[in-house]
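Printed here is model18.cif (mmCIF, C-alpha atoms and all ligand atoms):
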```cif
data_run
loop_
_atom_site.label_atom_id
_atom_site.label_comp_id
_atom_site.auth_asym_id
_atom_site.auth_seq_id
_atom_site.Cartn_x
_atom_site.Cartn_y
_atom_site.Cartn_z
CA MET A 15 57.11 97.11 -42.57
CA ASN A 16 56.49 96.41 -46.21
CA GLU A 17 54.18 93.48 -46.96
CA LEU A 18 55.55 91.85 -50.10
CA LEU A 19 53.36 88.77 -50.34
CA ALA A 20 50.05 87.92 -48.75
CA LEU A 21 48.03 84.73 -48.97
CA GLN A 22 44.47 85.11 -47.78
CA ASP A 23 42.24 82.18 -46.96
CA ILE A 24 43.68 79.83 -49.59
CA SER A 25 41.94 76.48 -50.11
CA LYS A 26 42.82 73.72 -52.53
CA SER A 27 41.55 70.22 -53.15
CA PHE A 28 42.38 67.62 -55.77
CA PRO A 29 40.13 65.01 -57.35
CA SER A 30 40.64 61.67 -55.68
CA PRO A 31 41.27 58.74 -58.05
CA GLY A 32 38.51 56.81 -56.31
CA GLY A 33 36.02 59.67 -56.75
CA GLY A 34 35.31 62.70 -54.61
CA ARG A 35 37.99 65.23 -53.69
CA ILE A 36 40.88 65.34 -51.26
CA SER A 37 41.26 68.62 -49.42
CA ILE A 38 44.93 69.65 -49.21
CA LEU A 39 44.81 73.28 -48.06
CA SER A 40 41.97 74.58 -45.89
CA GLY A 41 41.92 78.34 -45.52
CA ILE A 42 45.61 79.22 -45.33
CA SER A 43 46.58 82.83 -44.59
CA LEU A 44 50.15 84.06 -44.49
CA SER A 45 52.02 87.33 -44.95
CA LEU A 46 55.67 87.87 -45.82
CA PHE A 47 57.35 91.18 -45.11
CA SER A 48 60.48 92.75 -46.46
CA GLY A 49 63.60 90.95 -45.17
CA GLU A 50 61.60 88.05 -43.78
CA ILE A 51 62.19 84.32 -44.19
CA VAL A 52 59.32 81.98 -43.40
CA ALA A 53 59.97 78.24 -43.28
CA ILE A 54 57.21 75.72 -43.91
CA THR A 55 57.69 72.23 -42.58
CA GLY A 56 55.36 69.25 -42.58
CA ARG A 57 55.18 65.61 -43.52
CA SER A 58 55.57 64.37 -47.04
CA GLY A 59 52.29 64.85 -48.85
CA SER A 60 51.01 67.54 -46.45
CA GLY A 61 50.74 70.10 -49.26
CA LYS A 62 53.91 72.22 -48.93
CA SER A 63 54.80 72.20 -52.63
CA THR A 64 51.14 72.77 -53.50
CA LEU A 65 51.11 75.85 -51.28
CA LEU A 66 54.33 77.14 -52.83
CA SER A 67 53.07 76.71 -56.37
CA ILE A 68 49.85 78.56 -55.53
CA ALA A 69 51.79 81.40 -53.88
CA ALA A 70 54.00 81.60 -56.99
CA LEU A 71 50.90 81.74 -59.22
CA LEU A 72 51.90 78.50 -60.94
CA SER A 73 48.61 76.90 -60.00
CA THR A 74 45.30 78.35 -58.92
CA PRO A 75 43.59 77.80 -55.58
CA ASP A 76 39.93 76.81 -55.35
CA SER A 77 39.37 79.94 -53.32
CA GLY A 78 41.35 82.70 -51.62
CA ARG A 79 43.44 85.63 -52.71
CA ILE A 80 47.15 86.18 -53.42
CA LEU A 81 48.51 89.70 -53.17
CA TYR A 82 51.89 90.98 -54.32
CA SER A 83 52.86 94.26 -52.66
CA GLY A 84 49.23 94.75 -51.78
CA ARG A 85 47.95 94.13 -55.29
CA ASP A 86 45.43 91.36 -55.78
CA THR A 87 46.64 89.02 -58.52
CA HIS A 88 43.12 87.82 -59.23
CA GLY A 89 42.01 89.37 -62.48
CA MET A 90 45.53 90.24 -63.61
CA GLY A 91 46.10 89.45 -67.28
CA GLU A 92 48.62 86.90 -68.59
CA GLY A 93 51.09 89.65 -69.44
CA GLU A 94 50.94 91.19 -66.02
CA ILE A 95 51.45 87.81 -64.35
CA ALA A 96 54.37 87.01 -66.67
CA HIS A 97 55.94 90.35 -65.78
CA LEU A 98 55.44 89.67 -62.08
CA ARG A 99 57.01 86.23 -62.51
CA SER A 100 60.07 87.47 -64.40
CA HIS A 101 60.71 90.57 -62.30
CA SER A 102 59.51 89.71 -58.83
CA MET A 103 59.88 85.98 -58.23
CA GLY A 104 62.87 83.68 -57.94
CA PHE A 105 62.46 79.92 -57.86
CA VAL A 106 64.53 77.14 -56.37
CA PHE A 107 62.39 74.04 -56.61
CA GLN A 108 62.76 70.35 -55.79
CA SER A 109 63.55 69.49 -59.38
CA SER A 110 64.71 72.82 -60.63
CA LEU A 111 63.98 73.27 -64.27
CA LEU A 112 67.08 74.40 -66.04
CA LEU A 113 66.91 74.78 -69.80
CA SER A 114 68.67 71.71 -71.15
CA ASP A 115 70.04 73.34 -74.33
CA PHE A 116 71.78 76.12 -72.44
CA SER A 117 74.91 76.26 -70.33
CA ALA A 118 74.97 77.03 -66.61
CA LEU A 119 76.04 80.58 -67.49
CA GLU A 120 73.22 81.07 -70.00
CA ASN A 121 70.66 79.58 -67.62
CA THR A 122 71.78 81.98 -64.90
CA ALA A 123 71.70 84.95 -67.27
CA MET A 124 68.24 84.11 -68.63
CA PRO A 125 66.05 85.97 -66.11
CA MET A 126 68.12 89.12 -66.50
CA MET A 127 67.86 88.95 -70.29
CA ILE A 128 64.11 88.41 -70.01
CA GLN A 129 64.03 91.55 -67.88
CA GLY A 130 65.68 93.40 -70.77
CA MET A 131 69.32 93.49 -69.64
CA ARG A 132 71.87 93.45 -72.48
CA ARG A 133 73.31 89.99 -73.12
CA ARG A 134 76.86 91.03 -72.31
CA ASP A 135 75.89 92.63 -68.99
CA ALA A 136 73.65 89.68 -68.07
CA MET A 137 76.49 87.23 -68.77
CA LYS A 138 78.86 89.24 -66.60
CA GLU A 139 76.39 89.37 -63.73
CA ALA A 140 75.66 85.64 -64.19
CA GLU A 141 79.37 84.89 -63.84
CA ARG A 142 79.39 86.76 -60.56
CA TYR A 143 76.50 84.66 -59.20
CA LEU A 144 77.95 81.38 -60.46
CA SER A 145 81.15 82.25 -58.69
CA LEU A 146 79.19 82.92 -55.48
CA VAL A 147 77.76 79.39 -55.62
CA GLY A 148 81.20 77.98 -56.43
CA LEU A 149 80.48 77.00 -60.01
CA LEU A 150 82.56 79.27 -62.16
CA ASP A 151 84.55 76.28 -63.42
CA ARG A 152 81.32 74.63 -64.66
CA LYS A 153 79.86 77.69 -66.34
CA ASP A 154 79.93 76.24 -69.86
CA HIS A 155 78.42 72.91 -68.84
CA ARG A 156 74.87 72.07 -69.84
CA PRO A 157 72.54 70.63 -67.17
CA ALA A 158 72.99 67.04 -68.42
CA ALA A 159 76.72 67.36 -67.79
CA MET A 160 76.34 68.60 -64.22
CA SER A 161 75.74 66.73 -60.97
CA GLY A 162 72.42 67.11 -59.14
CA GLY A 163 74.00 69.47 -56.62
CA GLU A 164 75.62 71.53 -59.35
CA ARG A 165 72.26 71.88 -61.07
CA GLN A 166 70.72 72.96 -57.80
CA ARG A 167 73.43 75.57 -57.24
CA THR A 168 72.92 76.84 -60.79
CA ALA A 169 69.21 77.19 -60.04
CA ILE A 170 70.06 79.19 -56.92
CA ALA A 171 72.39 81.47 -58.88
CA ARG A 172 69.64 81.96 -61.45
CA ALA A 173 67.02 82.68 -58.80
CA LEU A 174 69.16 85.34 -57.14
CA ALA A 175 70.52 86.92 -60.31
CA GLY A 176 67.14 88.30 -61.34
CA HIS A 177 66.92 90.31 -58.07
CA PRO A 178 63.40 89.08 -57.31
CA PHE A 179 61.66 90.43 -54.24
CA VAL A 180 60.09 87.09 -53.39
CA ILE A 181 62.10 83.87 -53.43
CA PHE A 182 60.33 80.51 -53.40
CA ALA A 183 62.56 77.70 -52.27
CA ASP A 184 61.45 74.07 -52.03
CA GLU A 185 64.17 71.97 -50.34
CA PRO A 186 66.81 74.26 -51.89
CA THR A 187 69.76 72.39 -50.45
CA GLY A 188 68.29 68.89 -50.47
CA SER A 189 70.88 67.35 -52.76
CA LEU A 190 73.96 69.08 -51.37
CA ASP A 191 76.59 67.90 -48.93
CA GLU A 192 76.72 69.63 -45.54
CA ARG A 193 79.46 72.09 -46.43
CA SER A 194 77.98 73.13 -49.80
CA ALA A 195 74.51 73.32 -48.25
CA ALA A 196 75.77 75.67 -45.55
CA ASP A 197 77.47 77.93 -48.12
CA VAL A 198 74.37 78.08 -50.28
CA GLU A 199 72.11 78.70 -47.29
CA ASP A 200 74.31 81.60 -46.20
CA LEU A 201 74.09 83.03 -49.70
CA LEU A 202 70.31 82.68 -49.88
CA PHE A 203 69.73 84.09 -46.42
CA SER A 204 71.97 87.10 -46.87
CA ALA A 205 70.49 87.82 -50.31
CA VAL A 206 67.08 88.01 -48.67
CA ARG A 207 67.98 89.85 -45.49
CA ASP A 208 70.51 92.35 -46.81
CA GLU A 209 68.41 93.36 -49.78
CA GLY A 210 64.98 93.49 -48.19
CA ARG A 211 63.52 90.61 -50.14
CA CYS A 212 61.51 87.78 -48.62
CA MET A 213 61.63 84.01 -48.90
CA LEU A 214 59.09 81.26 -48.50
CA LEU A 215 61.18 78.22 -47.74
CA VAL A 216 59.94 74.64 -47.67
CA THR A 217 62.23 72.22 -45.91
CA HIS A 218 62.35 68.99 -43.93
CA ASP A 219 65.68 70.09 -42.52
CA ARG A 220 65.10 71.19 -38.96
CA ALA A 221 68.40 73.07 -38.68
CA LEU A 222 67.65 75.02 -41.85
CA ALA A 223 64.10 75.83 -40.71
CA ASP A 224 65.45 77.11 -37.40
CA ARG A 225 67.44 79.78 -39.24
CA ALA A 226 64.19 81.31 -40.55
CA ASP A 227 62.38 84.17 -38.82
CA ARG A 228 59.26 82.06 -38.47
CA VAL A 229 58.69 78.33 -38.73
CA LEU A 230 55.21 77.10 -39.59
CA GLN A 231 54.00 73.54 -39.80
CA LEU A 232 51.52 72.44 -42.42
CA SER A 233 49.30 69.65 -41.22
CA GLU A 234 45.71 68.68 -42.05
CA GLY A 235 45.51 71.63 -44.43
CA VAL A 236 46.31 74.32 -41.88
CA LEU A 237 49.44 76.19 -40.80
CA SER A 238 50.42 76.42 -37.17
CA ASP A 239 53.38 77.86 -35.27
CA VAL A 240 56.05 75.34 -34.36
N1 LIG A 301 47.90 67.54 -59.53
C1 LIG A 301 47.54 66.79 -58.51
N2 LIG A 301 46.47 65.96 -58.60
C2 LIG A 301 46.07 65.21 -57.55
N3 LIG A 301 46.67 65.22 -56.35
C3 LIG A 301 47.74 66.02 -56.21
C4 LIG A 301 48.24 66.83 -57.26
N4 LIG A 301 49.31 67.54 -56.80
C5 LIG A 301 49.48 67.15 -55.54
N5 LIG A 301 48.55 66.24 -55.16
C6 LIG A 301 48.42 65.61 -53.85
O1 LIG A 301 48.44 66.62 -52.87
C7 LIG A 301 49.17 66.19 -51.73
C8 LIG A 301 50.20 67.23 -51.36
O2 LIG A 301 51.24 67.21 -52.34
P1 LIG A 301 52.51 68.15 -52.21
O3 LIG A 301 53.37 67.89 -53.38
O4 LIG A 301 52.06 69.55 -52.00
O5 LIG A 301 53.16 67.59 -50.86
P2 LIG A 301 54.49 68.03 -50.10
O6 LIG A 301 54.10 68.46 -48.74
O7 LIG A 301 55.25 69.00 -50.92
O8 LIG A 301 55.27 66.64 -49.99
P3 LIG A 301 56.86 66.31 -50.09
O9 LIG A 301 57.44 66.67 -48.75
O10 LIG A 301 56.86 64.83 -50.31
O11 LIG A 301 57.45 67.09 -51.22
C9 LIG A 301 49.74 64.82 -52.05
O12 LIG A 301 48.97 63.84 -51.41
C10 LIG A 301 49.60 64.71 -53.55
O13 LIG A 301 49.34 63.40 -53.96
MG MG A 302 57.08 68.86 -51.98
#
```
So that I can check it, write out the structure of this file as structure tokens.
Amino acid sequence: MNELLALQDISKSFPSPGGGRISILSGISLSLFSGEIVAITGRSGSGKSTLLSIAALLSTPDSGRILYSGRDTHGMGEGEIAHLRSHSMGFVFQSSLLLSDFSALENTAMPMMIQGMRRRDAMKEAERYLSLVGLLDRKDHRPAAMSGGERQRTAIARALAGHPFVIFADEPTGSLDERSAADVEDLLFSAVRDEGRCMLLVTHDRALADRADRVLQLSEGVLSDV
């Protein structure tokens, strides 16, 4: 099997307001293979989002290595990391950052345009993904004119539209009703499994975690099988 993402011995601490440092991650190792979905659970404040942002190269660990398709990202230049981010990673985060001056359609098309796709083709593909998340009738709305759940579904459409091989999802269906959540979960899971991608999924939702191939719990800085 193809190892798409590997975390090796990742540690991270933050300065404590009272002085000293608080250790959040203590030597985490984890591999994700093609087609695989790994769910991370754990109490609020246990470090799940911290782990995700390190894996996505949005913040740096104190020590440890992060490999994409076997390539160590340490020592990669800014350009190489930006390329990796735009071509290989899709993000669905707790407060997904949509660009406020752009419509749902433009937000969804953005990663494909960054990858070099022609605007017209990117818009067409974006329409297809917005329709998959049930938002075609909101495609011209800007984020401020959408509900929280609609913004989240737009973020999911955007994450999938770029055809990334690693998807990072932090409570991806947290603000959706049961029915919409189930639809979006199905979409995310089949996008990963049918197309040989992988997903690192953070969730408090036990039922959602149980649909993953592996469920790991983060506690006291270490991951353990659930
Ligand atoms: N930039 C930072 N500076 C200092 N402490 C931080 C920073 N970022 C996170 N922390 C601390 O690290 C801990 C883990 O935070 P993190 O956001 O990873 O938790 P989480 O498991 O995602 O929680 P939740 O389920 O509530 O989203 C928290 O105690 C938080 O206060
Ligand atoms: Mg979090």
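Counting all atoms listed in the file and comparing A:Asp191, A:Pro125, A:Leu21, A:Asp227, the residue that lies closest to A:Thr87 is A:Leu21.
Counting only C-alpha atoms and all ligand atoms, the residue from A:Leu65, A:Ala96, A:Ala70, A:Ala196 that sits nearest to ligand MG 302 (chain A) is A:Leu65.
Interatomic distance, atom O5 of ligand LIG 301 (chain A) against atom CA of A:Ala118: 28.5 Å.
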Task: Test item: residues lying within 10 Å of ligand LIG 301 (chain A) with only C-alpha atoms and all ligand atoms, as a ChimeraX atom specification - done: /A:26-31,35-39,54-68,73,108,184-185,216-218,232-233,235
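Distance check against ligand MG 302 (chain A) using all atoms listed in the file: of A:Arg207, A:Pro186, A:Asn16, A:Glu50, the minimum falls on A:Pro186.
Closest approach to ligand MG 302 (chain A) from the set A:Leu119, A:Leu201, A:Met127, A:Val106 is made by A:Val106, with distances taken over all atoms listed in the file.
Using all atoms listed in the file, the nearest neighbour of ligand MG 302 (chain A) within the list A:Ala183, A:Glu139, A:Phe105, A:Pro178 is A:Ala183.
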- [ ] Have a look at atom CA of A:Glu192 and atom CA of A:Ala223 and let me know their distance in Å, one decimal.
- [x] 14.9 Å
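Interatomic distance, atom CA of A:Arg220 against atom CA of A:Phe182: 17.8 Å.
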